[in-house]
Amino acid sequence: MATGAAQTLLGELADIGRDPRSGGYRRHAWDDADMQLREWFVGAAQARGLQTDEDGNGNLFARWTPGPGGSGDDAVLIGSHLDSVPDGGAFDGPLGVVSSFAAIDRLRAEGFAPARPVVVACFADEEGARFGIACAGSQLATGALDADRALGLRDVDGQTLAEVMTARGRDPGAVGPTDLTRTVSTFVELHVEQGRSLVHSGDAVGVATAIWPHGRWRLDFCGAADHAGATEMADRRDPMTTYAAAVLAARRLATEHGARATFGRLSVEPGATNAIPSRVRAWLDARAADEPTLQRLVDSLVTDARRTGAEDGTEVVLTTESQSPAVTFDGPLRERLAGLLDAPVLPTAAGHDAGVLAPHVPTAMLFVRNPTGVSHSPAEHADAADCTAGVAALTDVVRDLAGGPT
C-alpha cells in the first residue's frame, strides 16, 4: 500500500505510548508519552521553520507567518490533539495534527504565501483521561473551565493538576484564559470520523454540521461494607446491586430517548472479593440530539437509581463533572467548505476542541472516513487513500481561507 504524508508522520508517533499487549495507546495529560509527543510536535514545527509557542494551559501552537505584505492578524487555526483515551486508537486526534503539517508542506511546495497566519494547534488533554475533564486545554484557554477548579482536579494517584504541571516545569499560576480567540479568524479541525456515515455515503471526506450536547456525571452508590459469606442477602445494603440496575436502566433509557448512555469507569471500595462494597463510584457519559432530551435521560436515570437504592438500602449521590451544550458549527463557513470540497455534511455525537471554540470564532470540522466506524479502540482506522484525501481537502481549505480576506 502506498504511504502518504499523513501516514509517514503518523509512523513517527507509532511507538509513543503504545501498549504492547493491547496495541492501543495510553497517552494521558502530562505523562511520559504526552511529553514525548510534545517534543515531536515542536520538532516537526521547527523542521518546517514554524514559530512555536506553548500557552499557560499546555496548548501548543506552530505558526506559519504571512508572506510579504500579508497581515499578522486573523490567523487560520488548524490542528487537533495528540492525547488518547486508555487503549485508544492511532487516528483520533493525531490525524488532525499530522494532516495540518502535511497541508502546510503541500502549500509550500505550490509556492503559496498566506495572506494571514496559519497556526497548527495541539490542544492539551482533549480526552480528559487523566483528570476527568474533556477538552481541558481549549476550555481553559477560552475561559469555559475555571482555572482553580482545573488545578484542583486529581488523577487516580491523588496528584492534582497543579502538582503534575509543576513537576513538568510548568507554572500553575499561568493557567487560565488566553487571547487565542481574539487572534484567530477561523478554526478548522480535521478528525477521523467516529461512525460510518461516510462509509454509507461513499465519500472519503465530510463536513460536520453540529455536535450533540453531552456530559460526564459521577454517581456515588453508597451502602455498608460487610462480610460476603456471613451476611444474609436480606440484611445487605449492597451498592453494587443498585449500580448494576442503573447500568441496565441506562441502556433502556438511552434506547428509548434515541440517545447514548455509557458507564465506562468504575471504582469499588473496599474492593475485596469477599466483602460487600461500602461504595461504588461510577462515571456516566451521556449524549443526546438536543439538551432537553439529554436532561430527561439523566434525570430519569437518577430517579430510577434512587428508587432502586431505596429498595436496596443504599443512597445515590449525583455530581455533574462536566456538561457541554449543543454546538452548531458556523453555517456560512460550513456551506463554504462543503461547496469547496463537494463533500457531504453530517453531525457527530462526539465532543471536540472545535466544539469549545465554536461559540467564540467561526469553526468547522472535516471528517475522514473510518471503514469500521470504531473509535476509542485499537481497531480505529483510516485507509491511506482516505488520509491522503483528507490532507488534500485541508490543503484546499487553508488555501481558500488564508489566501485573502474572509
# chains A, B, ... in the order shown; residues from 1 in each chain; ligands from 1
call {"tool": "select_by_dssp", "arguments": {"residues": "range 36-236 of chain A", "states": "alpha helix (DSSP H)", "output": "ChimeraX atom specification"}}
result
/A:36-47,94-110,136-142,147-152,161-167,197-201
call {"tool": "write_last_selection", "arguments": {"atoms": "C-alpha atoms", "output": "mmCIF file, in the first residue's frame"}}
result
data_model
loop_
_atom_site.group_PDB
_atom_site.id
_atom_site.type_symbol
_atom_site.label_atom_id
_atom_site.label_comp_id
_atom_site.auth_asym_id
_atom_site.auth_seq_id
_atom_site.Cartn_x
_atom_site.Cartn_y
_atom_site.Cartn_z
ATOM 1 C CA GLN A 36 7.395 12.775 24.048
ATOM 2 C CA LEU A 37 4.522 13.825 21.791
ATOM 3 C CA ARG A 38 5.088 17.443 22.764
ATOM 4 C CA GLU A 39 8.741 17.122 21.822
ATOM 5 C CA TRP A 40 7.730 15.598 18.497
ATOM 6 C CA PHE A 41 5.308 18.466 17.786
ATOM 7 C CA VAL A 42 7.930 21.125 18.500
ATOM 8 C CA GLY A 43 10.488 19.241 16.420
ATOM 9 C CA ALA A 44 8.093 18.894 13.476
ATOM 10 C CA ALA A 45 7.309 22.606 13.648
ATOM 11 C CA GLN A 46 10.937 23.667 13.877
ATOM 12 C CA ALA A 47 11.869 21.393 10.967
ATOM 13 C CA PRO A 94 -3.134 12.731 15.750
ATOM 14 C CA LEU A 95 -4.633 12.529 12.245
ATOM 15 C CA GLY A 96 -5.694 16.171 12.543
ATOM 16 C CA VAL A 97 -2.265 17.299 13.729
ATOM 17 C CA VAL A 98 -0.186 15.435 11.148
ATOM 18 C CA SER A 99 -2.594 16.394 8.354
ATOM 19 C CA SER A 100 -2.092 20.038 9.294
ATOM 20 C CA PHE A 101 1.672 19.781 8.909
ATOM 21 C CA ALA A 102 1.212 17.831 5.671
ATOM 22 C CA ALA A 103 -1.138 20.514 4.308
ATOM 23 C CA ILE A 104 1.426 23.221 5.031
ATOM 24 C CA ASP A 105 4.062 21.128 3.237
ATOM 25 C CA ARG A 106 1.805 20.877 0.185
ATOM 26 C CA LEU A 107 1.048 24.587 0.132
ATOM 27 C CA ARG A 108 4.709 25.496 0.404
ATOM 28 C CA ALA A 109 5.537 23.100 -2.412
ATOM 29 C CA GLU A 110 2.987 25.001 -4.529
ATOM 30 C CA ALA A 136 -9.404 20.877 29.291
ATOM 31 C CA GLY A 137 -6.764 22.814 27.342
ATOM 32 C CA SER A 138 -9.195 24.551 24.998
ATOM 33 C CA GLN A 139 -11.734 25.087 27.785
ATOM 34 C CA LEU A 140 -9.113 26.809 29.946
ATOM 35 C CA ALA A 141 -7.914 28.967 27.041
ATOM 36 C CA THR A 142 -11.462 30.174 26.300
ATOM 37 C CA ALA A 147 -8.568 27.667 36.450
ATOM 38 C CA ASP A 148 -8.834 26.989 40.190
ATOM 39 C CA ARG A 149 -11.186 24.096 39.593
ATOM 40 C CA ALA A 150 -8.897 22.629 36.959
ATOM 41 C CA LEU A 151 -5.777 22.934 39.102
ATOM 42 C CA GLY A 152 -7.521 21.093 41.927
ATOM 43 C CA LEU A 161 -3.133 19.013 38.012
ATOM 44 C CA ALA A 162 -1.189 21.820 39.713
ATOM 45 C CA GLU A 163 1.264 19.322 41.185
ATOM 46 C CA VAL A 164 1.687 17.471 37.905
ATOM 47 C CA MET A 165 2.266 20.659 35.898
ATOM 48 C CA THR A 166 4.810 21.876 38.450
ATOM 49 C CA ALA A 167 6.679 18.569 38.230
ATOM 50 C CA SER A 197 -21.803 7.993 7.767
ATOM 51 C CA LEU A 198 -19.031 8.405 5.186
ATOM 52 C CA VAL A 199 -18.905 4.654 4.623
ATOM 53 C CA HIS A 200 -22.594 4.726 3.762
ATOM 54 C CA SER A 201 -22.298 7.830 1.556
#
call {"tool": "residues_around", "arguments": {"residues": "range 242-247 of chain A", "least_positions_apart": "5", "cutoff": "9 Å", "atoms": "only C-alpha atoms", "output": "list in words"}}
result
Leu219, Asp220, Phe221, Arg252, Ala261, Thr262, Phe263, Val280, Arg281, Ala282, Leu301, Val302, Asp304, Ala305, Arg306, Thr308, Gly309, Glu311, Asp312, Thr314, Glu315 and Val316 of chain A
call {"tool": "write_last_selection", "arguments": {"atoms": "N, CA and C atoms", "output": "PDB file, in the first residue's frame"}}
result
ATOM      1  N   LEU A 219     -21.725   9.137  39.698  1.00  0.00           N
ATOM      2  CA  LEU A 219     -22.745   8.638  40.605  1.00  0.00           C
ATOM      3  C   LEU A 219     -22.068   7.838  41.708  1.00  0.00           C
ATOM      4  N   ASP A 220     -22.301   8.244  42.955  1.00  0.00           N
ATOM      5  CA  ASP A 220     -21.789   7.512  44.106  1.00  0.00           C
ATOM      6  C   ASP A 220     -22.930   6.681  44.692  1.00  0.00           C
ATOM      7  N   PHE A 221     -22.769   5.365  44.636  1.00  0.00           N
ATOM      8  CA  PHE A 221     -23.733   4.442  45.212  1.00  0.00           C
ATOM      9  C   PHE A 221     -23.194   4.036  46.581  1.00  0.00           C
ATOM     10  N   ARG A 252     -31.578   0.965  28.682  1.00  0.00           N
ATOM     11  CA  ARG A 252     -33.001   1.047  28.326  1.00  0.00           C
ATOM     12  C   ARG A 252     -33.415   2.487  28.036  1.00  0.00           C
ATOM     13  N   ALA A 261     -25.859   6.447  26.439  1.00  0.00           N
ATOM     14  CA  ALA A 261     -25.536   6.458  27.863  1.00  0.00           C
ATOM     15  C   ALA A 261     -24.563   5.330  28.134  1.00  0.00           C
ATOM     16  N   THR A 262     -23.425   5.656  28.760  1.00  0.00           N
ATOM     17  CA  THR A 262     -22.364   4.685  28.957  1.00  0.00           C
ATOM     18  C   THR A 262     -21.747   4.826  30.337  1.00  0.00           C
ATOM     19  N   PHE A 263     -21.703   3.733  31.072  1.00  0.00           N
ATOM     20  CA  PHE A 263     -20.872   3.661  32.268  1.00  0.00           C
ATOM     21  C   PHE A 263     -19.573   2.981  31.854  1.00  0.00           C
ATOM     22  N   VAL A 280     -19.740   2.259  45.612  1.00  0.00           N
ATOM     23  CA  VAL A 280     -19.420   2.057  44.206  1.00  0.00           C
ATOM     24  C   VAL A 280     -19.510   3.421  43.532  1.00  0.00           C
ATOM     25  N   ARG A 281     -18.410   3.840  42.968  1.00  0.00           N
ATOM     26  CA  ARG A 281     -18.365   5.148  42.287  1.00  0.00           C
ATOM     27  C   ARG A 281     -18.278   4.879  40.793  1.00  0.00           C
ATOM     28  N   ALA A 282     -19.217   5.418  40.044  1.00  0.00           N
ATOM     29  CA  ALA A 282     -19.292   5.137  38.610  1.00  0.00           C
ATOM     30  C   ALA A 282     -19.445   6.443  37.835  1.00  0.00           C
ATOM     31  N   LEU A 301     -32.661   8.525  34.713  1.00  0.00           N
ATOM     32  CA  LEU A 301     -31.722   7.525  35.201  1.00  0.00           C
ATOM     33  C   LEU A 301     -31.491   7.672  36.701  1.00  0.00           C
ATOM     34  N   VAL A 302     -31.297   8.907  37.156  1.00  0.00           N
ATOM     35  CA  VAL A 302     -31.045   9.142  38.577  1.00  0.00           C
ATOM     36  C   VAL A 302     -32.283   8.805  39.411  1.00  0.00           C
ATOM     37  N   ASP A 304     -34.596   6.648  38.671  1.00  0.00           N
ATOM     38  CA  ASP A 304     -34.687   5.192  38.674  1.00  0.00           C
ATOM     39  C   ASP A 304     -33.688   4.592  39.660  1.00  0.00           C
ATOM     40  N   ALA A 305     -32.441   5.118  39.656  1.00  0.00           N
ATOM     41  CA  ALA A 305     -31.403   4.590  40.547  1.00  0.00           C
ATOM     42  C   ALA A 305     -31.747   4.836  42.007  1.00  0.00           C
ATOM     43  N   ARG A 306     -32.298   6.004  42.315  1.00  0.00           N
ATOM     44  CA  ARG A 306     -32.647   6.298  43.704  1.00  0.00           C
ATOM     45  C   ARG A 306     -33.830   5.455  44.170  1.00  0.00           C
ATOM     46  N   THR A 308     -34.410   2.382  43.127  1.00  0.00           N
ATOM     47  CA  THR A 308     -33.802   1.085  43.395  1.00  0.00           C
ATOM     48  C   THR A 308     -32.996   1.125  44.687  1.00  0.00           C
ATOM     49  N   GLY A 309     -32.282   2.255  44.895  1.00  0.00           N
ATOM     50  CA  GLY A 309     -31.490   2.394  46.103  1.00  0.00           C
ATOM     51  C   GLY A 309     -32.334   2.336  47.361  1.00  0.00           C
ATOM     52  N   GLU A 311     -34.949   0.616  47.782  1.00  0.00           N
ATOM     53  CA  GLU A 311     -35.260  -0.794  47.995  1.00  0.00           C
ATOM     54  C   GLU A 311     -34.046  -1.568  48.512  1.00  0.00           C
ATOM     55  N   ASP A 312     -32.840  -1.147  48.077  1.00  0.00           N
ATOM     56  CA  ASP A 312     -31.619  -1.844  48.468  1.00  0.00           C
ATOM     57  C   ASP A 312     -31.012  -1.327  49.771  1.00  0.00           C
ATOM     58  N   THR A 314     -29.607   1.687  49.998  1.00  0.00           N
ATOM     59  CA  THR A 314     -28.421   2.444  49.608  1.00  0.00           C
ATOM     60  C   THR A 314     -28.811   3.857  49.178  1.00  0.00           C
ATOM     61  N   GLU A 315     -27.812   4.716  49.116  1.00  0.00           N
ATOM     62  CA  GLU A 315     -28.018   6.112  48.720  1.00  0.00           C
ATOM     63  C   GLU A 315     -27.297   6.371  47.409  1.00  0.00           C
ATOM     64  N   VAL A 316     -27.884   7.202  46.569  1.00  0.00           N
ATOM     65  CA  VAL A 316     -27.275   7.562  45.294  1.00  0.00           C
ATOM     66  C   VAL A 316     -27.057   9.067  45.258  1.00  0.00           C
TER      67      VAL A 316
END
call {"tool": "closest_residue", "arguments": {"among": "A:Glu193, A:Gly373, A:Ala343, A:Phe123", "to": "Val356 in chain A", "atoms": "only C-alpha atoms"}}
result
A:Phe123
call {"tool": "residues_around", "arguments": {"residues": "Val361 in chain A", "least_positions_apart": "3", "cutoff": "10 Å", "atoms": "only C-alpha atoms", "output": "list in words"}}
result
Leu180, Thr181, Arg182, Thr183, Val184, Ser185, Thr186, Phe187, Phe329, Asp330, Ala354, Val356, Leu357, Ala358 and Ala364 of chain A
call {"tool": "write_last_selection", "arguments": {"atoms": "C-alpha atoms", "output": "CSV table (one decimal), in the first residue's frame"}}
result
chain,number,residue,atom,x,y,z
A,180,LEU,CA,-6.4,32.8,21.4
A,181,THR,CA,-9.9,33.6,20.1
A,182,ARG,CA,-9.1,37.3,19.7
A,183,THR,CA,-6.2,36.4,17.3
A,184,VAL,CA,-8.0,33.7,15.3
A,185,SER,CA,-10.4,34.3,12.4
A,186,THR,CA,-11.3,30.7,11.7
A,187,PHE,CA,-10.7,27.2,13.2
A,329,PHE,CA,-20.9,25.0,13.5
A,330,ASP,CA,-20.9,28.3,11.7
A,354,ALA,CA,-13.8,22.6,17.8
A,356,VAL,CA,-15.3,24.5,22.6
A,357,LEU,CA,-14.0,27.2,20.2
A,358,ALA,CA,-17.2,27.4,18.1
A,364,ALA,CA,-15.8,23.9,11.1
